Amino acid sequence: MSNAALAQNAQQITLTLPDGATRTYASGTTGLQVAESIAKSLAKAAVAIKLDGQLCDLSLPITKDARIAIIKRENDEALELIRHDCAHVMAEAVQALFPGTQVTIGPCIENGFYYDFARNEPFTPDDFAKIEAKMKEIVAKGEAFTREVWDREKAIETFKAKGENYKVELIQDLPETEEIKIYKQGDWFDLCRGPHMPTTAHVGTAFKIMKVAGAYWRGDSNRAMLTRLYATAWRTEKELQDYLTQIEEAEKRDHRKLGREMDLFHIQDEAQGSVFWHPKGYSIWLALEAYLRRRLKEGGYVEVKTPQLIDNKLWVASGHWGKYRENMFVVPDEVPSTEDDKPVLSGKARLMALKPMNCPAHVQIFNQGLKSYRDLPIRMAEFGCCHRNEAHGALHGLMRVRQMTQDDAHIFCREDQIESEAVAFCNFLSNIYRDVGFTDVRVRLALRPDARAGSDDVWDKAENGLRLALKAANIEYTEAPGDGAFYGPKLEFHLRDAIGRSWQLGTLQLDFVLPERLDANYIGEDGNKHRPVMLHRAAFGSMERFIGVMIEHYAGKLPLWMAPTQCVIATITSEADGYAREVYEQLKDAGLRVELDTRNEKINYKVREHSVGKVPVMYVVGAREATDKTVAIRRLGSQDQTVMPLTDAVAELVSNCKAPF
């Protein structure tokens, strides 16, 4: 052993276990050795370690004091490793089956991973089974993942010799100071930062290739078109089957499909990313907006309306111009020419931009007139129409749009009011989500990103302020380093829907920066000017996306109070047309959203058609019902039919259609 190695081993490091216990080891001890020192069974089950929150290889030598956790395959943290390793296994399988194929990049994504390949002939779904079979062969071999650090020139020459030109480009673009890490699995190897599990056997066989798509190299439409294989991977076959079942159910619930069937909205090429709301779809919007307005009034909010087109000097002052300029729709401020009366851009004219968010405009309202400490908090709400220049390929029905209406609000308060206002908003949000049918809500505290405005002291104060509020509200949460907004940390509220998918909807962002940048102030008790704290908050997020989530959560069978058509009165025979209209008028006068169906069609046809439209209640009337002044009630999803006196039926339906608040 060299003198340097002996010196390193002579050094001691202290590792802190998850339960707070500490152990001392020689510097250079690996994660596997730590696991063995705790229990042989733990070492056998271990697939990786977490050092100070960072996933690392079991074989990594540990050379400094750290917090350590041993990761087993059944742990949630192992999912990312399984998918990462599975991507390597898929790349090896593809190159074994299709010689000459170049591998490029293969990152993990939500629920799986993808890998981009350069090949003259694109893959098709017919290739999936063959690739999966080869992947299972590689898994069965159980080859060890081994990490090596190569000399940069050696790595470039090696990949050049293999014809891997994309890997050569990736290596050449890495900073000179970055190590060139290579991971091998048997004879196959790839450029990779890692980490990986011990062997390919740890990947398991709970994986499936889902689809094939085209993708430009590095997302640049001027570069080569590659073939992208998307796949999913899980810890167990049960998890895989549960996911595939969820995907199948999600396809049935797709809001775009249901939106057509229910005649709610459409989107067309002439206005990409903007929604054409049909009467039935807009009635859902209005029901939700009216409900939220009642909640806002109860919560002490005032409602405002601000311009959509604003001079860019405000966006420069707020910092958004530098951060979001590429996502903003910009309009030149044109002036008429004196020569031919045609609009031209004056040399002194400024640029205007459609607002991508409401917050700087709300500060402008706050800045009008003096504010006293006694005036705070001011809770300012707006259903604000915003525009963001999303990429065409990213647009997705109601879920990803270019024109959106945010249920936005900003709370201007003193520092001593942060905790009480944050707790009040958390309670406000809890009531709203309960009312609309979500009971599984999880909270993440998103912390400072690398690119941010404001000093570390300001960020410390803001992050601790939200932690204290969560503690006061008795809310469990997880932390997400690096995911905060550029001007402040935020709480993210993630809702789990009926089929187990997670949607991030509500947010609460704590901001000391924007009031400073836009010179907002109030007169304190001491008679001096002070900066208010700004809490950015939303409950639904955007009206468009929230309605999309609601449609999918309920599979179109919306609660009665928000259903676009709450009841259809359908006739069995034309003899009942007059009575049907009488029923229709009573329900309409009671404030319900109703339709009358007196078409010359069989009743079974009408029932089927309105069931596809997800009408929750049908009143079926014929000659007998007209004589007896009754209605036969059919409810969506039930084969049963209940006959009830009209007066009682109307009273019951009116009661059932009341909004929860």
# chains A, B, ... in the order shown; residues from 1 in each chain; ligands from 1
$ select_by_dssp --residues "stretch 430-541 of chain A" --states "strand (DSSP E)" --output "PyMOL selection string"
chain A and resi 441-446+477-480+490-496+502-511+522-523+529-530+533-541
$ write_last_selection --atoms "N, CA and C atoms" --output "compact mmCIF listing (two decimals), in the first residue's frame"
# COMPACT_ATOMS: atom_id res chain seq x y z
N VAL A 441 -53.96 15.56 -0.26
CA VAL A 441 -53.19 16.74 -0.64
C VAL A 441 -51.82 16.67 0.04
N ARG A 442 -50.77 16.81 -0.75
CA ARG A 442 -49.41 16.75 -0.21
C ARG A 442 -48.70 18.07 -0.50
N VAL A 443 -47.87 18.48 0.44
CA VAL A 443 -47.25 19.82 0.37
C VAL A 443 -45.75 19.68 0.23
N ARG A 444 -45.18 20.47 -0.71
CA ARG A 444 -43.73 20.55 -0.90
C ARG A 444 -43.29 21.99 -0.66
N LEU A 445 -42.19 22.14 0.04
CA LEU A 445 -41.57 23.45 0.22
C LEU A 445 -40.42 23.55 -0.78
N ALA A 446 -40.60 24.37 -1.83
CA ALA A 446 -39.60 24.53 -2.88
C ALA A 446 -38.63 25.64 -2.49
N TYR A 477 -44.76 18.10 5.38
CA TYR A 477 -44.28 18.54 4.07
C TYR A 477 -42.93 17.92 3.78
N THR A 478 -42.56 17.97 2.50
CA THR A 478 -41.21 17.60 2.07
C THR A 478 -40.56 18.83 1.47
N GLU A 479 -39.22 18.83 1.42
CA GLU A 479 -38.50 19.97 0.86
C GLU A 479 -37.95 19.62 -0.51
N ALA A 480 -37.93 20.61 -1.40
CA ALA A 480 -37.44 20.43 -2.77
C ALA A 480 -36.40 21.50 -3.06
N LYS A 490 -41.49 28.73 -2.22
CA LYS A 490 -42.94 28.56 -2.38
C LYS A 490 -43.39 27.22 -1.81
N LEU A 491 -44.64 27.21 -1.39
CA LEU A 491 -45.32 25.97 -1.05
C LEU A 491 -46.07 25.50 -2.27
N GLU A 492 -45.92 24.22 -2.60
CA GLU A 492 -46.66 23.62 -3.70
C GLU A 492 -47.64 22.62 -3.12
N PHE A 493 -48.87 22.68 -3.58
CA PHE A 493 -49.91 21.78 -3.10
C PHE A 493 -50.22 20.76 -4.20
N HIS A 494 -49.87 19.50 -3.93
CA HIS A 494 -50.03 18.42 -4.92
C HIS A 494 -51.24 17.58 -4.55
N LEU A 495 -52.17 17.46 -5.49
CA LEU A 495 -53.42 16.73 -5.24
C LEU A 495 -53.39 15.40 -5.99
N ARG A 496 -53.80 14.34 -5.29
CA ARG A 496 -53.86 13.02 -5.92
C ARG A 496 -55.29 12.77 -6.37
N SER A 502 -50.77 12.58 -9.53
CA SER A 502 -50.54 13.78 -8.73
C SER A 502 -50.57 15.01 -9.62
N TRP A 503 -51.30 16.05 -9.16
CA TRP A 503 -51.39 17.31 -9.89
C TRP A 503 -50.96 18.44 -8.97
N GLN A 504 -50.00 19.25 -9.42
CA GLN A 504 -49.62 20.42 -8.63
C GLN A 504 -50.51 21.59 -9.04
N LEU A 505 -51.32 22.08 -8.09
CA LEU A 505 -52.29 23.13 -8.40
C LEU A 505 -52.02 24.39 -7.59
N GLY A 506 -52.35 24.39 -6.31
CA GLY A 506 -52.19 25.60 -5.51
C GLY A 506 -50.73 25.91 -5.19
N THR A 507 -50.44 27.19 -4.98
CA THR A 507 -49.10 27.62 -4.56
C THR A 507 -49.22 28.78 -3.58
N LEU A 508 -48.20 28.89 -2.75
CA LEU A 508 -48.04 30.05 -1.88
C LEU A 508 -46.55 30.42 -1.90
N GLN A 509 -46.24 31.61 -2.45
CA GLN A 509 -44.85 32.04 -2.59
C GLN A 509 -44.59 33.25 -1.70
N LEU A 510 -43.50 33.18 -0.98
CA LEU A 510 -43.15 34.26 -0.04
C LEU A 510 -42.06 35.12 -0.68
N ASP A 511 -42.33 36.40 -0.85
CA ASP A 511 -41.47 37.25 -1.67
C ASP A 511 -41.11 38.54 -0.95
N TYR A 522 -45.00 51.02 2.93
CA TYR A 522 -46.09 51.50 3.77
C TYR A 522 -45.48 52.27 4.94
N ILE A 523 -46.30 53.06 5.59
CA ILE A 523 -45.82 53.84 6.74
C ILE A 523 -46.04 53.01 8.00
N LYS A 529 -40.93 54.69 6.44
CA LYS A 529 -41.34 53.80 5.36
C LYS A 529 -40.77 52.39 5.58
N HIS A 530 -41.59 51.39 5.29
CA HIS A 530 -41.16 49.99 5.40
C HIS A 530 -41.63 49.24 4.15
N VAL A 533 -44.22 42.67 2.82
CA VAL A 533 -43.92 41.33 2.32
C VAL A 533 -45.05 40.97 1.35
N MET A 534 -44.72 40.25 0.31
CA MET A 534 -45.72 39.90 -0.70
C MET A 534 -45.88 38.38 -0.73
N LEU A 535 -47.10 37.92 -0.50
CA LEU A 535 -47.41 36.50 -0.62
C LEU A 535 -48.18 36.29 -1.92
N HIS A 536 -47.55 35.58 -2.86
CA HIS A 536 -48.23 35.23 -4.11
C HIS A 536 -48.98 33.92 -3.87
N ARG A 537 -50.26 33.87 -4.21
CA ARG A 537 -51.00 32.64 -3.92
C ARG A 537 -52.04 32.34 -4.99
N ALA A 538 -52.27 31.06 -5.22
CA ALA A 538 -53.32 30.61 -6.14
C ALA A 538 -53.92 29.33 -5.57
N ALA A 539 -55.19 29.13 -5.80
CA ALA A 539 -55.88 27.92 -5.33
C ALA A 539 -56.03 26.91 -6.45
N PHE A 540 -56.64 27.32 -7.56
CA PHE A 540 -56.82 26.43 -8.70
C PHE A 540 -55.57 26.40 -9.58
N GLY A 541 -54.82 27.49 -9.59
CA GLY A 541 -53.68 27.60 -10.50
C GLY A 541 -54.10 28.38 -11.73
$ residues_around --residues "stretch 601-615 of chain A" --least-positions-apart "4" --cutoff "6 Å" --atoms "only C-alpha atoms" --output "list in words"
Glu261, Met262, Lys557, Thr565 and Ile572 of chain A
$ select_by_dssp --residues "stretch 289-384 of chain A" --states "helix (DSSP H, G or I)" --output "JSON, numbers by chain"
{"A": [289, 290, 291, 292, 293, 294, 295, 296, 297, 298, 312, 313, 314, 315, 316, 317, 318, 320, 321, 322, 323, 324, 325, 326, 327, 359, 360, 361, 362, 363, 364, 365, 366, 373, 374, 375]}
$ closest_atom_pairs --of "stretch 222-313 of chain A" --to "stretch 209-216 of chain A" --cutoff "12 Å" --atoms "only C-alpha atoms" --output "JSON lines"
{"residue": "A:Asn222", "atom": "CA", "partner": "A:Tyr216", "partner_atom": "CA", "distance": 7.9}
{"residue": "A:Arg223", "atom": "CA", "partner": "A:Tyr216", "partner_atom": "CA", "distance": 6.1}
{"residue": "A:Ala224", "atom": "CA", "partner": "A:Tyr216", "partner_atom": "CA", "distance": 5.7}
{"residue": "A:Met225", "atom": "CA", "partner": "A:Tyr216", "partner_atom": "CA", "distance": 4.4}
{"residue": "A:Leu226", "atom": "CA", "partner": "A:Ala215", "partner_atom": "CA", "distance": 5.2}
{"residue": "A:Thr227", "atom": "CA", "partner": "A:Gly214", "partner_atom": "CA", "distance": 4.8}
{"residue": "A:Arg228", "atom": "CA", "partner": "A:Ala213", "partner_atom": "CA", "distance": 5.1}
{"residue": "A:Leu229", "atom": "CA", "partner": "A:Val212", "partner_atom": "CA", "distance": 4.7}
{"residue": "A:Tyr230", "atom": "CA", "partner": "A:Lys211", "partner_atom": "CA", "distance": 5.3}
{"residue": "A:Ala231", "atom": "CA", "partner": "A:Ile209", "partner_atom": "CA", "distance": 4.1}
{"residue": "A:Thr232", "atom": "CA", "partner": "A:Ile209", "partner_atom": "CA", "distance": 6.4}
{"residue": "A:Ala233", "atom": "CA", "partner": "A:Ile209", "partner_atom": "CA", "distance": 8.8}
{"residue": "A:Leu240", "atom": "CA", "partner": "A:Ile209", "partner_atom": "CA", "distance": 11.6}
{"residue": "A:Tyr243", "atom": "CA", "partner": "A:Met210", "partner_atom": "CA", "distance": 11.6}
{"residue": "A:Leu244", "atom": "CA", "partner": "A:Met210", "partner_atom": "CA", "distance": 9.7}
{"residue": "A:Ile247", "atom": "CA", "partner": "A:Met210", "partner_atom": "CA", "distance": 10.5}
$ write_last_selection --atoms "N, CA and C atoms" --output "PDB file, in the first residue's frame"
ATOM      1  N   ASN A 222     -32.637  22.335 -36.145  1.00  0.00           N
ATOM      2  CA  ASN A 222     -31.635  22.386 -37.212  1.00  0.00           C
ATOM      3  C   ASN A 222     -30.666  21.206 -37.152  1.00  0.00           C
ATOM      4  N   ARG A 223     -30.812  20.384 -36.096  1.00  0.00           N
ATOM      5  CA  ARG A 223     -29.921  19.229 -35.942  1.00  0.00           C
ATOM      6  C   ARG A 223     -30.625  17.960 -36.396  1.00  0.00           C
ATOM      7  N   ALA A 224     -29.919  16.843 -36.283  1.00  0.00           N
ATOM      8  CA  ALA A 224     -30.424  15.557 -36.781  1.00  0.00           C
ATOM      9  C   ALA A 224     -31.668  15.108 -36.015  1.00  0.00           C
ATOM     10  N   MET A 225     -32.569  14.439 -36.731  1.00  0.00           N
ATOM     11  CA  MET A 225     -33.737  13.827 -36.101  1.00  0.00           C
ATOM     12  C   MET A 225     -33.348  12.441 -35.590  1.00  0.00           C
ATOM     13  N   LEU A 226     -33.586  12.190 -34.318  1.00  0.00           N
ATOM     14  CA  LEU A 226     -33.281  10.909 -33.684  1.00  0.00           C
ATOM     15  C   LEU A 226     -34.569  10.149 -33.427  1.00  0.00           C
ATOM     16  N   THR A 227     -34.439   8.886 -33.043  1.00  0.00           N
ATOM     17  CA  THR A 227     -35.596   8.085 -32.659  1.00  0.00           C
ATOM     18  C   THR A 227     -35.583   7.916 -31.143  1.00  0.00           C
ATOM     19  N   ARG A 228     -36.671   8.288 -30.514  1.00  0.00           N
ATOM     20  CA  ARG A 228     -36.765   8.229 -29.049  1.00  0.00           C
ATOM     21  C   ARG A 228     -37.685   7.088 -28.638  1.00  0.00           C
ATOM     22  N   LEU A 229     -37.174   6.215 -27.786  1.00  0.00           N
ATOM     23  CA  LEU A 229     -37.978   5.152 -27.195  1.00  0.00           C
ATOM     24  C   LEU A 229     -38.325   5.547 -25.764  1.00  0.00           C
ATOM     25  N   TYR A 230     -39.618   5.612 -25.471  1.00  0.00           N
ATOM     26  CA  TYR A 230     -40.088   5.865 -24.111  1.00  0.00           C
ATOM     27  C   TYR A 230     -40.389   4.535 -23.432  1.00  0.00           C
ATOM     28  N   ALA A 231     -40.004   4.441 -22.165  1.00  0.00           N
ATOM     29  CA  ALA A 231     -40.270   3.199 -21.427  1.00  0.00           C
ATOM     30  C   ALA A 231     -40.616   3.534 -19.983  1.00  0.00           C
ATOM     31  N   THR A 232     -41.229   2.567 -19.326  1.00  0.00           N
ATOM     32  CA  THR A 232     -41.522   2.699 -17.903  1.00  0.00           C
ATOM     33  C   THR A 232     -40.862   1.538 -17.176  1.00  0.00           C
ATOM     34  N   ALA A 233     -40.488   1.763 -15.923  1.00  0.00           N
ATOM     35  CA  ALA A 233     -39.846   0.710 -15.129  1.00  0.00           C
ATOM     36  C   ALA A 233     -40.237   0.890 -13.668  1.00  0.00           C
ATOM     37  N   LEU A 240     -45.886  -2.279 -11.921  1.00  0.00           N
ATOM     38  CA  LEU A 240     -45.974  -2.086 -13.367  1.00  0.00           C
ATOM     39  C   LEU A 240     -47.408  -2.244 -13.847  1.00  0.00           C
ATOM     40  N   TYR A 243     -49.570   0.612 -12.860  1.00  0.00           N
ATOM     41  CA  TYR A 243     -49.309   1.786 -13.697  1.00  0.00           C
ATOM     42  C   TYR A 243     -49.970   1.643 -15.070  1.00  0.00           C
ATOM     43  N   LEU A 244     -49.862   0.455 -15.672  1.00  0.00           N
ATOM     44  CA  LEU A 244     -50.471   0.235 -16.981  1.00  0.00           C
ATOM     45  C   LEU A 244     -51.992   0.357 -16.902  1.00  0.00           C
ATOM     46  N   ILE A 247     -52.743   4.014 -16.774  1.00  0.00           N
ATOM     47  CA  ILE A 247     -52.626   4.612 -18.106  1.00  0.00           C
ATOM     48  C   ILE A 247     -53.877   4.326 -18.924  1.00  0.00           C
TER      49      ILE A 247
END
$ closest_atom_pairs --of "stretch 463-554 of chain A" --to "stretch 280-296 of chain A" --cutoff "9 Å" --atoms "only C-alpha atoms" --output "Markdown table"
| residue | atom | partner | partner_atom | distance |
| --- | --- | --- | --- | --- |
| A:Ala539 | CA | A:Leu292 | CA | 8.9 |
| A:Met543 | CA | A:Trp285 | CA | 7.2 |
| A:Glu544 | CA | A:Trp285 | CA | 8.4 |
| A:Ile547 | CA | A:Trp285 | CA | 7.4 |
$ atom_distance --atom1 "atom CA of A:Ala391" --atom2 "atom CA of A:Tyr114"
20.1 Å
$ atom_distance --atom1 "atom CA of A:Ile411" --atom2 "atom CA of A:Met357"
15.2 Å
$ closest_residue --among "A:Val330, A:Cys386, A:Leu653, A:Leu191" --to "A:Thr405" --atoms "only C-alpha atoms"
A:Cys386
$ residues_around --residues "stretch 140-148 of chain A" --least-positions-apart "3" --cutoff "9 Å" --atoms "only C-alpha atoms" --output "tab-separated table (two decimals) with N, CA and C atoms, in the first residue's frame"
chain	number	residue	atom	x	y	z
A	57	ASP	N	-23.09	5.71	-5.63
A	57	ASP	CA	-22.81	4.28	-5.78
A	57	ASP	C	-22.44	3.68	-4.43
A	59	SER	N	-20.22	1.55	-4.12
A	59	SER	CA	-18.76	1.35	-4.17
A	59	SER	C	-17.97	2.65	-3.98
A	85	ASP	N	-30.75	2.66	-14.59
A	85	ASP	CA	-30.05	1.43	-15.01
A	85	ASP	C	-30.78	0.76	-16.16
A	135	MET	N	-33.49	-7.20	-23.38
A	135	MET	CA	-33.24	-6.54	-22.10
A	135	MET	C	-33.31	-7.55	-20.95
A	136	LYS	N	-34.29	-8.44	-21.01
A	136	LYS	CA	-34.43	-9.45	-19.95
A	136	LYS	C	-33.24	-10.41	-19.94
A	137	GLU	N	-32.66	-10.70	-21.10
A	137	GLU	CA	-31.45	-11.53	-21.16
A	137	GLU	C	-30.30	-10.82	-20.43
A	180	ILE	N	-14.49	12.62	-16.59
A	180	ILE	CA	-15.17	11.83	-17.62
A	180	ILE	C	-15.46	10.46	-17.02
A	181	LYS	N	-16.71	10.26	-16.61
A	181	LYS	CA	-17.08	9.02	-15.93
A	181	LYS	C	-17.68	8.04	-16.94
A	182	ILE	N	-17.21	6.83	-16.87
A	182	ILE	CA	-17.69	5.75	-17.74
A	182	ILE	C	-18.23	4.63	-16.84
A	183	TYR	N	-19.41	4.15	-17.17
A	183	TYR	CA	-19.97	3.00	-16.44
A	183	TYR	C	-20.04	1.81	-17.39
A	184	LYS	N	-19.48	0.70	-16.90
A	184	LYS	CA	-19.48	-0.53	-17.69
A	184	LYS	C	-20.48	-1.53	-17.10
A	185	GLN	N	-21.07	-2.33	-17.99
A	185	GLN	CA	-21.87	-3.49	-17.58
A	185	GLN	C	-21.42	-4.62	-18.50
A	186	GLY	N	-20.53	-5.45	-18.00
A	186	GLY	CA	-19.89	-6.44	-18.86
A	186	GLY	C	-18.99	-5.74	-19.85
A	194	GLY	N	-23.76	8.71	-13.43
A	194	GLY	CA	-24.16	7.81	-12.38
A	194	GLY	C	-25.17	8.47	-11.44
A	195	PRO	N	-25.46	7.85	-10.30
A	195	PRO	CA	-24.95	6.55	-9.85
A	195	PRO	C	-25.74	5.39	-10.45
A	196	HIS	N	-25.27	4.15	-10.13
A	196	HIS	CA	-25.94	2.94	-10.58
A	196	HIS	C	-26.02	1.95	-9.43
A	197	MET	N	-26.91	0.97	-9.59
A	197	MET	CA	-27.01	-0.12	-8.62
A	197	MET	C	-25.86	-1.10	-8.86
A	198	PRO	N	-25.70	-2.09	-8.00
A	198	PRO	CA	-24.53	-2.98	-8.14
A	198	PRO	C	-24.49	-3.76	-9.45
A	199	THR	N	-25.63	-4.33	-9.90
A	199	THR	CA	-25.61	-5.16	-11.11
A	199	THR	C	-26.87	-4.93	-11.94
A	200	THR	N	-26.83	-5.44	-13.17
A	200	THR	CA	-28.01	-5.35	-14.03
A	200	THR	C	-29.17	-6.18	-13.47
A	201	ALA	N	-28.86	-7.20	-12.67
A	201	ALA	CA	-29.93	-8.04	-12.09
A	201	ALA	C	-30.85	-7.22	-11.19
A	202	HIS	N	-30.31	-6.16	-10.59
A	202	HIS	CA	-31.11	-5.34	-9.69
A	202	HIS	C	-32.19	-4.54	-10.43
A	204	GLY	N	-34.39	-5.82	-12.45
A	204	GLY	CA	-35.61	-6.60	-12.45
A	204	GLY	C	-36.25	-6.61	-13.83
$ residues_around --residues "A:Phe265" --least-positions-apart "4" --cutoff "9 Å" --atoms "only C-alpha atoms" --output "VMD selection string"
chain A and resid 256 259 to 260 275 to 282
$ write_last_selection --atoms "C-alpha atoms" --output "mmCIF file, in the first residue's frame"
data_model
loop_
_atom_site.group_PDB
_atom_site.id
_atom_site.type_symbol
_atom_site.label_atom_id
_atom_site.label_comp_id
_atom_site.auth_asym_id
_atom_site.auth_seq_id
_atom_site.Cartn_x
_atom_site.Cartn_y
_atom_site.Cartn_z
ATOM 1 C CA ARG A 256 -59.880 16.252 -24.640
ATOM 2 C CA GLY A 259 -64.590 17.583 -23.891
ATOM 3 C CA ARG A 260 -65.717 16.558 -27.383
ATOM 4 C CA VAL A 275 -59.497 27.664 -25.768
ATOM 5 C CA PHE A 276 -62.846 28.137 -27.491
ATOM 6 C CA TRP A 277 -65.287 27.566 -24.639
ATOM 7 C CA HIS A 278 -68.700 26.248 -25.663
ATOM 8 C CA PRO A 279 -71.777 27.152 -23.569
ATOM 9 C CA LYS A 280 -71.646 23.907 -21.547
ATOM 10 C CA GLY A 281 -67.943 24.188 -20.845
ATOM 11 C CA TYR A 282 -68.200 27.831 -19.876
#
$ residues_around --residues "stretch 309-323 of chain A" --least-positions-apart "2" --cutoff "6 Å" --atoms "only C-alpha atoms" --output "compact mmCIF listing (two decimals) with N, CA and C atoms, in the first residue's frame"
# COMPACT_ATOMS: atom_id res chain seq x y z
N PRO A 307 -54.39 45.58 -16.60
CA PRO A 307 -54.21 45.49 -18.06
C PRO A 307 -53.48 44.22 -18.48
N ARG A 325 -38.33 36.68 -20.64
CA ARG A 325 -38.51 37.37 -21.92
C ARG A 325 -38.88 36.41 -23.05
N LEU A 351 -41.20 48.67 -26.26
CA LEU A 351 -41.89 47.41 -26.50
C LEU A 351 -42.95 47.21 -25.44
N MET A 352 -44.04 46.62 -25.86
CA MET A 352 -45.10 46.23 -24.94
C MET A 352 -45.10 44.71 -24.85
N ALA A 353 -45.65 44.16 -23.77
CA ALA A 353 -45.73 42.70 -23.63
C ALA A 353 -47.05 42.31 -23.01
N LEU A 354 -47.64 41.22 -23.52
CA LEU A 354 -48.81 40.63 -22.88
C LEU A 354 -48.35 40.01 -21.57
N ARG A 517 -37.94 45.74 -5.55
CA ARG A 517 -37.63 46.13 -6.93
C ARG A 517 -38.63 47.16 -7.45
$ residues_around --residues "A:Asn367" --least-positions-apart "4" --cutoff "9 Å" --atoms "only C-alpha atoms" --output "ChimeraX atom specification"
/A:362-363,371,518-522
